[in-house]
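This report refers to the structure that appears directly beneath it.
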Amino acid sequence: MPETTIAALNQTLYSGFVAEGPKVREFTQMVSDYLQNPRTMMVNNCTMALQIACHLSDVHPGDEVITTPLTSICTNVPIRHLKGKPVWADVDPTTGMSDINDVEKLINKRTKAIMLLHKDGDIVDLDKYVDLAKSYGVRLIEDCAHTYGAKYNDKMIGNHGDICCFSFQAIKHLTTGDGGCMTFQDEELYERGKKLKWLGVDRDKRDGNPWLSDITELGYKANMNDIAATIGVEAQKVIEPIIEKYHHNGELFTKTLKDLNIPGVTLIRRDPKAYSVYWTYVIMSEKRDGLCAYLEENGVFAEQNHPRNDVWTIFKDSRRELPGVDFFAARELSLPCGWWVDDEDIYRICDLIKNYQKKYN
Ligand SMILES: Cc1ncc(COP(=O)(O)O)c(C=O)c1O
């Protein structure tokens, strides 16, 4: 967090206004400029953004949303809160992300949306997903919690699917403590979204008391406040070098691991059209748990980032055979890749992986 945050917070805290106000407007404008999408809206976290996105996709009891079990619980809980059914797409074992062929097979008349996770900062096949969703008339919701600052086909993420949801939670590329934002392609959805995040009320309405207008749709208390936005404004001022560092680190991992060509370690498929922001650097290891423990003994924290969701009781109605998930979940390992990791750390981590695999492969 930049040091300027303290002075900025001090000013906001004693300004007499800490609810959603001028700082949220300032932060919204900055993020909107950065993402190059004028239909950008702040929220209090990405989980609520995903719930609003499902609501806007008209997910009603019994409706289906095609999604992945290899994600944070936050991706899938909003579907259940609306009494919809998460339908697990199998993952492509070369990427760990939803297999588009399986997604297409799962679309039926109850399908309201495809929930597409861009896992750990990577993006694959996004254009094909946009076309698929359009051709079947279902919404494409992108879970962009790990992809702030990423691009696809030279366009910022936040400008492809119908609704994109970003997280500004504590360990994301940009943090406001907790927070998030949504971007929209469609003006009408954007206007509806703005009301939904504030209990159905249009806060932008400046002529008179907004509470005196009728409320026609049940909304959520999901707005960002000026304290979080103040942190966000300062963080956004320095975001570009941070994103570049994540990207540099990911590319250096790829180059170093390719050069080392370690038996038992496979790199995941990355789409050449994507500018990944490598939230973590994911590899597949045939000896994942042992490698993980070895890295930890040597001071490197690595883990399977998000254990599979489909085994939990809350999602028991969604169970199905998922061979791609079985394969990937047994092997995936997230290596640290953030701005605090330098080139020497990366060479050392790769050497540790090589030493371990040489001994135990
Ligand atoms: C993939 C994914 N989606 C959604 C979220 C939810 O983000 P938030 O904590 O802002 O609600 C997270 C949070 O870690 C996440 O990893």
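Residues are named by chain letter and number: chains run A, B, ... in the order of the structure tokens, numbers start at 1 in each chain, and ligands are numbered from 1 in the order shown.
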Can I get the residues of chain A within 8 Å of ligand 1, each with the closest pair of atoms and their distance in Å to one decimal, using only C-alpha atoms and all ligand atoms, sorted chain first then ascending number, as a tab-separated table?
residue	atom	partner	partner_atom_place_in_ligand_line	distance
A:Asn44	CA	ligand 1	10 (O)	7.5
A:Asn45	CA	ligand 1	10 (O)	3.9
A:Cys46	CA	ligand 1	10 (O)	3.7
A:Thr47	CA	ligand 1	11 (O)	3.7
A:Met48	CA	ligand 1	11 (O)	6.5
A:Ala49	CA	ligand 1	11 (O)	7.8
A:Leu50	CA	ligand 1	4 (C)	7.6
A:Thr71	CA	ligand 1	1 (C)	5.3
A:Ser72	CA	ligand 1	1 (C)	4.7
A:Ile73	CA	ligand 1	3 (N)	7.4
A:Cys74	CA	ligand 1	4 (C)	4.6
A:Thr75	CA	ligand 1	3 (N)	4.7
A:Leu117	CA	ligand 1	1 (C)	6.4
A:His118	CA	ligand 1	1 (C)	7.6
A:Lys119	CA	ligand 1	1 (C)	6.8
A:Asp120	CA	ligand 1	1 (C)	7.8
A:Asp143	CA	ligand 1	3 (N)	5.7
A:Cys144	CA	ligand 1	3 (N)	7.0
A:Ala145	CA	ligand 1	2 (C)	4.9
A:His146	CA	ligand 1	1 (C)	6.3
A:Cys165	CA	ligand 1	4 (C)	8.0
A:Phe166	CA	ligand 1	10 (O)	7.2
A:Ser167	CA	ligand 1	10 (O)	4.1
A:Phe168	CA	ligand 1	10 (O)	5.6
A:Gln169	CA	ligand 1	10 (O)	4.6
A:Ala170	CA	ligand 1	9 (O)	7.8
A:Ile171	CA	ligand 1	14 (O)	7.7
A:Lys172	CA	ligand 1	14 (O)	7.7
A:Asp178	CA	ligand 1	10 (O)	6.0
A:Gly179	CA	ligand 1	10 (O)	5.5
A:Gly180	CA	ligand 1	10 (O)	5.6
A:His306	CA	ligand 1	16 (O)	7.8
Discussion item. I'd like the contact shell of range 321-330 of chain A - 10 Å cut-off, only C-alpha atoms, skipping same-chain residues fewer than 6 positions apart - returned as a ChimeraX atom specification.
Written reply: /A:68-70,88-99,283-289,304-308,310
Written selection (N, CA, C and O atoms) as a compact mmCIF listing (two decimals), in the first residue's frame:
# COMPACT_ATOMS: atom_id res chain seq x y z
N THR A 68 -17.34 -23.44 -12.67
CA THR A 68 -16.24 -24.37 -12.38
C THR A 68 -16.19 -24.67 -10.88
O THR A 68 -16.42 -23.77 -10.07
N PRO A 69 -15.85 -25.92 -10.52
CA PRO A 69 -15.63 -26.20 -9.10
C PRO A 69 -14.22 -25.85 -8.65
O PRO A 69 -13.95 -25.81 -7.45
N LEU A 70 -13.31 -25.56 -9.60
CA LEU A 70 -11.92 -25.27 -9.21
C LEU A 70 -11.74 -23.77 -9.06
O LEU A 70 -11.11 -23.09 -9.89
N TRP A 88 -21.55 -27.98 -12.83
CA TRP A 88 -20.09 -28.01 -12.97
C TRP A 88 -19.67 -28.37 -14.39
O TRP A 88 -19.97 -29.48 -14.87
N ALA A 89 -18.94 -27.49 -15.01
CA ALA A 89 -18.27 -27.85 -16.26
C ALA A 89 -16.97 -28.54 -15.85
O ALA A 89 -16.34 -28.14 -14.87
N ASP A 90 -16.59 -29.54 -16.60
CA ASP A 90 -15.28 -30.13 -16.33
C ASP A 90 -14.21 -29.13 -16.76
O ASP A 90 -14.50 -28.22 -17.55
N VAL A 91 -13.00 -29.30 -16.20
CA VAL A 91 -11.96 -28.35 -16.62
C VAL A 91 -11.07 -28.98 -17.69
O VAL A 91 -10.95 -30.21 -17.77
N ASP A 92 -10.49 -28.12 -18.49
CA ASP A 92 -9.50 -28.54 -19.47
C ASP A 92 -8.23 -28.88 -18.67
O ASP A 92 -7.69 -28.01 -17.98
N PRO A 93 -7.77 -30.12 -18.71
CA PRO A 93 -6.62 -30.49 -17.87
C PRO A 93 -5.32 -29.79 -18.25
O PRO A 93 -4.34 -29.88 -17.53
N THR A 94 -5.33 -29.05 -19.37
CA THR A 94 -4.10 -28.31 -19.72
C THR A 94 -4.11 -26.89 -19.14
O THR A 94 -3.09 -26.20 -19.18
N THR A 95 -5.27 -26.45 -18.61
CA THR A 95 -5.35 -25.07 -18.08
C THR A 95 -5.94 -24.98 -16.67
O THR A 95 -5.73 -24.00 -15.97
N GLY A 96 -6.75 -25.98 -16.30
CA GLY A 96 -7.45 -25.91 -15.02
C GLY A 96 -8.69 -25.03 -15.08
O GLY A 96 -9.36 -24.81 -14.08
N MET A 97 -9.01 -24.52 -16.28
CA MET A 97 -10.22 -23.68 -16.43
C MET A 97 -11.29 -24.42 -17.21
O MET A 97 -10.98 -25.40 -17.91
N SER A 98 -12.53 -23.94 -17.12
CA SER A 98 -13.65 -24.64 -17.75
C SER A 98 -13.35 -25.01 -19.19
O SER A 98 -12.86 -24.18 -19.97
N ASP A 99 -13.69 -26.25 -19.54
CA ASP A 99 -13.49 -26.76 -20.89
C ASP A 99 -14.69 -26.30 -21.72
O ASP A 99 -15.84 -26.71 -21.47
N ILE A 283 1.65 -24.37 -11.68
CA ILE A 283 2.28 -25.48 -12.42
C ILE A 283 1.53 -26.77 -12.06
O ILE A 283 0.73 -26.79 -11.12
N MET A 284 1.82 -27.83 -12.80
CA MET A 284 1.31 -29.15 -12.42
C MET A 284 2.51 -30.02 -12.04
O MET A 284 3.50 -30.06 -12.77
N SER A 285 2.38 -30.68 -10.88
CA SER A 285 3.47 -31.54 -10.43
C SER A 285 2.91 -32.92 -10.12
O SER A 285 1.87 -33.05 -9.47
N GLU A 286 3.66 -33.95 -10.55
CA GLU A 286 3.23 -35.33 -10.27
C GLU A 286 3.43 -35.67 -8.79
O GLU A 286 2.92 -36.68 -8.32
N LYS A 287 4.19 -34.89 -8.08
CA LYS A 287 4.44 -35.14 -6.65
C LYS A 287 4.06 -33.88 -5.87
O LYS A 287 4.85 -33.38 -5.07
N ARG A 288 2.86 -33.39 -6.13
CA ARG A 288 2.47 -32.06 -5.64
C ARG A 288 2.61 -31.91 -4.12
O ARG A 288 3.23 -30.96 -3.65
N ASP A 289 2.06 -32.86 -3.34
CA ASP A 289 2.02 -32.63 -1.90
C ASP A 289 3.44 -32.66 -1.30
O ASP A 289 3.77 -31.85 -0.42
N GLN A 304 -2.10 -25.62 -3.21
CA GLN A 304 -3.20 -25.65 -4.18
C GLN A 304 -4.11 -24.52 -3.75
O GLN A 304 -4.68 -24.57 -2.65
N ASN A 305 -4.26 -23.53 -4.59
CA ASN A 305 -4.89 -22.29 -4.15
C ASN A 305 -6.35 -22.47 -3.73
O ASN A 305 -6.74 -22.10 -2.62
N HIS A 306 -7.15 -23.07 -4.60
CA HIS A 306 -8.57 -23.24 -4.28
C HIS A 306 -8.96 -24.70 -4.41
O HIS A 306 -9.13 -25.19 -5.53
N PRO A 307 -9.12 -25.41 -3.30
CA PRO A 307 -9.58 -26.80 -3.39
C PRO A 307 -10.95 -26.89 -4.06
O PRO A 307 -11.74 -25.92 -4.03
N ARG A 308 -11.25 -28.03 -4.65
CA ARG A 308 -12.48 -28.17 -5.44
C ARG A 308 -13.73 -27.94 -4.58
O ARG A 308 -13.81 -28.37 -3.44
N ASP A 310 -16.86 -28.96 -5.50
CA ASP A 310 -17.96 -29.90 -5.74
C ASP A 310 -18.12 -30.95 -4.66
O ASP A 310 -19.14 -31.65 -4.63
Item to complete: Considering only C-alpha atoms, return as a list in words whatever protein or nucleic-acid residues lie within 10 Å of Gly137 in chain A, sequence-local ones (same chain, fewer than 3 positions apart) excluded.
Response: Thr111, Lys112, Ala113, Asp131, Leu132, Ala133, Lys134 and Leu140 of chain A
Discussion item. I'd like the contact shell of Ala53 in chain A - 7 Å cut-off, only C-alpha atoms, skipping same-chain residues fewer than 4 positions apart - returned as a PyMOL selection string.
Written reply: chain A and resi 49+57+141+163
Item to complete: Check range 11-250 of chain A with DSSP on the backbone and list each residue it calls alpha helix (DSSP H), as JSON, numbers by chain.
Response: {"A": [11, 12, 13, 22, 23, 24, 25, 26, 27, 28, 29, 30, 31, 32, 33, 34, 35, 46, 47, 48, 49, 50, 51, 52, 53, 54, 55, 56, 73, 74, 75, 76, 77, 78, 79, 80, 81, 100, 101, 102, 103, 104, 105, 106, 126, 127, 128, 129, 130, 131, 132, 133, 134, 135, 136, 187, 188, 189, 190, 191, 192, 193, 194, 195, 196, 226, 227, 228, 229, 230, 231, 232, 233, 234, 235, 236, 237, 239, 240, 241, 242, 243, 244, 245, 246, 247, 248, 249, 250]}
Worksheet item: Residues at most 9 Å from Asp342 in chain A, counting only C-alpha atoms, excluding those fewer than 4 positions away in the same chain, as a list in words?
Response: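 So, after excluding close chain neighbours, the residues are Lys245, Asn249, Cys337, Gly338 and Ile346 of chain A.
Between Tyr190 in chain A and the candidates A:Thr40, A:Asn298, A:Asn101, A:Thr176, the tightest atom-to-atom separation, counting only C-alpha atoms, involves A:Thr40.
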Discussion item. I'd like the contact shell of Glu251 in chain A - 12 Å cut-off, only C-alpha atoms, skipping same-chain residues fewer than 2 positions apart - returned as a PyMOL selection string.
Written reply: chain A and resi 122+244-249+253-258+267+270+275-278+280-282+337+343+346
Item to complete: Report as a ChimeraX atom specification: the residues of range 34-207 of chain A with a DSSP assignment of strand (DSSP E), based on the backbone of this structure.
Response: /A:40-43,64-67,85-88,111-117,139-143,151-152,155-156,163-167,180-184
What would the file look like if the residues just selected were written as a compact mmCIF listing (two decimals), in the first residue's frame with N, CA, C and O atoms?
# COMPACT_ATOMS: atom_id res chain seq x y z
N THR A 40 -18.67 1.38 -15.31
CA THR A 40 -17.94 0.76 -14.19
C THR A 40 -18.61 1.18 -12.89
O THR A 40 -18.95 2.35 -12.71
N MET A 41 -18.76 0.23 -11.99
CA MET A 41 -19.48 0.52 -10.73
C MET A 41 -18.76 -0.14 -9.55
O MET A 41 -18.35 -1.29 -9.65
N MET A 42 -18.58 0.59 -8.47
CA MET A 42 -17.91 0.05 -7.28
C MET A 42 -18.89 -0.72 -6.39
O MET A 42 -20.06 -0.32 -6.26
N VAL A 43 -18.38 -1.75 -5.74
CA VAL A 43 -19.17 -2.51 -4.76
C VAL A 43 -18.31 -2.82 -3.54
O VAL A 43 -17.12 -2.52 -3.54
N GLU A 64 -30.14 -22.67 -13.95
CA GLU A 64 -28.78 -23.20 -13.93
C GLU A 64 -27.75 -22.17 -14.36
O GLU A 64 -28.01 -21.36 -15.26
N VAL A 65 -26.59 -22.24 -13.71
CA VAL A 65 -25.44 -21.44 -14.12
C VAL A 65 -24.27 -22.40 -14.29
O VAL A 65 -23.95 -23.16 -13.37
N ILE A 66 -23.68 -22.40 -15.46
CA ILE A 66 -22.56 -23.31 -15.72
C ILE A 66 -21.29 -22.65 -15.19
O ILE A 66 -20.98 -21.49 -15.51
N THR A 67 -20.57 -23.39 -14.35
CA THR A 67 -19.45 -22.79 -13.63
C THR A 67 -18.38 -23.83 -13.39
O THR A 67 -18.50 -24.97 -13.84
N LYS A 85 -28.87 -23.40 -9.53
CA LYS A 85 -28.04 -24.61 -9.43
C LYS A 85 -26.71 -24.38 -10.17
O LYS A 85 -26.72 -24.14 -11.38
N PRO A 86 -25.58 -24.50 -9.43
CA PRO A 86 -24.31 -24.49 -10.16
C PRO A 86 -24.18 -25.80 -10.93
O PRO A 86 -24.36 -26.87 -10.35
N VAL A 87 -23.92 -25.72 -12.21
CA VAL A 87 -23.71 -26.92 -13.02
C VAL A 87 -22.22 -26.96 -13.34
O VAL A 87 -21.70 -26.05 -13.99
N TRP A 88 -21.55 -27.98 -12.83
CA TRP A 88 -20.09 -28.01 -12.97
C TRP A 88 -19.67 -28.37 -14.39
O TRP A 88 -19.97 -29.48 -14.87
N THR A 111 -30.53 -22.92 -18.56
CA THR A 111 -29.26 -22.20 -18.36
C THR A 111 -29.48 -20.70 -18.48
O THR A 111 -30.00 -20.23 -19.49
N LYS A 112 -29.08 -19.96 -17.46
CA LYS A 112 -29.21 -18.50 -17.50
C LYS A 112 -27.88 -17.82 -17.78
O LYS A 112 -27.84 -16.73 -18.34
N ALA A 113 -26.80 -18.48 -17.33
CA ALA A 113 -25.50 -17.81 -17.50
C ALA A 113 -24.35 -18.81 -17.50
O ALA A 113 -24.49 -19.92 -16.98
N ILE A 114 -23.27 -18.38 -18.13
CA ILE A 114 -21.99 -19.08 -17.98
C ILE A 114 -21.16 -18.20 -17.06
O ILE A 114 -20.99 -17.00 -17.31
N MET A 115 -20.68 -18.81 -15.98
CA MET A 115 -19.81 -18.09 -15.05
C MET A 115 -18.38 -18.50 -15.39
O MET A 115 -18.00 -19.67 -15.18
N LEU A 116 -17.61 -17.59 -15.93
CA LEU A 116 -16.28 -17.94 -16.42
C LEU A 116 -15.21 -17.38 -15.48
O LEU A 116 -15.05 -16.16 -15.36
N LEU A 117 -14.49 -18.29 -14.84
CA LEU A 117 -13.38 -17.86 -13.97
C LEU A 117 -12.10 -17.75 -14.77
O LEU A 117 -11.72 -18.69 -15.47
N ARG A 139 -26.17 -15.29 -20.62
CA ARG A 139 -25.23 -14.25 -20.22
C ARG A 139 -23.85 -14.84 -19.94
O ARG A 139 -23.73 -15.94 -19.43
N LEU A 140 -22.82 -14.06 -20.26
CA LEU A 140 -21.46 -14.42 -19.89
C LEU A 140 -21.03 -13.52 -18.73
O LEU A 140 -20.88 -12.32 -18.89
N ILE A 141 -20.89 -14.17 -17.55
CA ILE A 141 -20.39 -13.44 -16.37
C ILE A 141 -18.93 -13.84 -16.21
O ILE A 141 -18.62 -15.03 -16.18
N GLU A 142 -18.05 -12.86 -16.11
CA GLU A 142 -16.63 -13.19 -15.90
C GLU A 142 -16.25 -12.92 -14.44
O GLU A 142 -16.47 -11.81 -13.95
N ASP A 143 -15.70 -13.95 -13.80
CA ASP A 143 -15.13 -13.76 -12.46
C ASP A 143 -13.69 -13.31 -12.67
O ASP A 143 -12.81 -14.11 -12.98
N LYS A 151 -5.25 -8.39 -20.03
CA LYS A 151 -5.81 -8.02 -21.35
C LYS A 151 -6.05 -9.28 -22.16
O LYS A 151 -5.38 -10.29 -21.95
N TYR A 152 -6.99 -9.17 -23.08
CA TYR A 152 -7.19 -10.24 -24.06
C TYR A 152 -7.36 -9.58 -25.40
O TYR A 152 -8.18 -8.66 -25.54
N LYS A 155 -7.24 -5.87 -25.44
CA LYS A 155 -8.34 -5.11 -24.82
C LYS A 155 -8.35 -5.46 -23.33
O LYS A 155 -8.19 -6.64 -22.98
N MET A 156 -8.53 -4.44 -22.49
CA MET A 156 -8.53 -4.71 -21.05
C MET A 156 -9.65 -5.69 -20.70
O MET A 156 -10.77 -5.57 -21.21
N ILE A 163 -21.02 -9.14 -18.07
CA ILE A 163 -20.78 -8.53 -16.76
C ILE A 163 -19.46 -9.07 -16.22
O ILE A 163 -19.25 -10.29 -16.22
N CYS A 164 -18.58 -8.18 -15.79
CA CYS A 164 -17.29 -8.60 -15.24
C CYS A 164 -17.21 -8.16 -13.79
O CYS A 164 -17.59 -7.02 -13.46
N CYS A 165 -16.69 -9.04 -12.94
CA CYS A 165 -16.65 -8.76 -11.50
C CYS A 165 -15.22 -8.87 -10.98
O CYS A 165 -14.59 -9.92 -11.12
N PHE A 166 -14.71 -7.78 -10.42
CA PHE A 166 -13.34 -7.72 -9.92
C PHE A 166 -13.33 -7.64 -8.40
O PHE A 166 -14.27 -7.12 -7.79
N SER A 167 -12.23 -8.11 -7.82
CA SER A 167 -12.08 -8.07 -6.35
C SER A 167 -10.94 -7.14 -5.97
O SER A 167 -9.86 -7.19 -6.56
N GLY A 180 -14.62 -4.15 -4.45
CA GLY A 180 -14.68 -4.77 -5.78
C GLY A 180 -15.33 -3.82 -6.76
O GLY A 180 -15.77 -2.72 -6.39
N CYS A 181 -15.36 -4.23 -8.01
CA CYS A 181 -16.09 -3.43 -8.98
C CYS A 181 -16.67 -4.31 -10.07
O CYS A 181 -16.30 -5.49 -10.19
N MET A 182 -17.62 -3.74 -10.78
CA MET A 182 -18.29 -4.45 -11.87
C MET A 182 -18.20 -3.58 -13.12
O MET A 182 -18.27 -2.35 -13.03
N THR A 183 -18.06 -4.24 -14.28
CA THR A 183 -18.17 -3.51 -15.54
C THR A 183 -19.24 -4.19 -16.39
O THR A 183 -19.45 -5.40 -16.29
N PHE A 184 -19.85 -3.40 -17.23
CA PHE A 184 -20.99 -3.87 -18.04
C PHE A 184 -20.78 -3.48 -19.49
O PHE A 184 -20.18 -2.44 -19.79
Worksheet item: Which one is closest to Glu344 in chain A: A:Leu252, A:Asp207, A:Arg331, A:His173? Count only C-alpha atoms.
Response: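 Looking at the shortest contact to Glu344 in chain A, the residue is A:Leu252.
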Discussion item. As a ChimeraX atom specification, please: the residues near Lys359 in chain A (cut-off 12 Å, only C-alpha atoms, same-chain neighbours under 2 positions excluded).
Written reply: /A:262-264,287,290-291,294,352-357,361
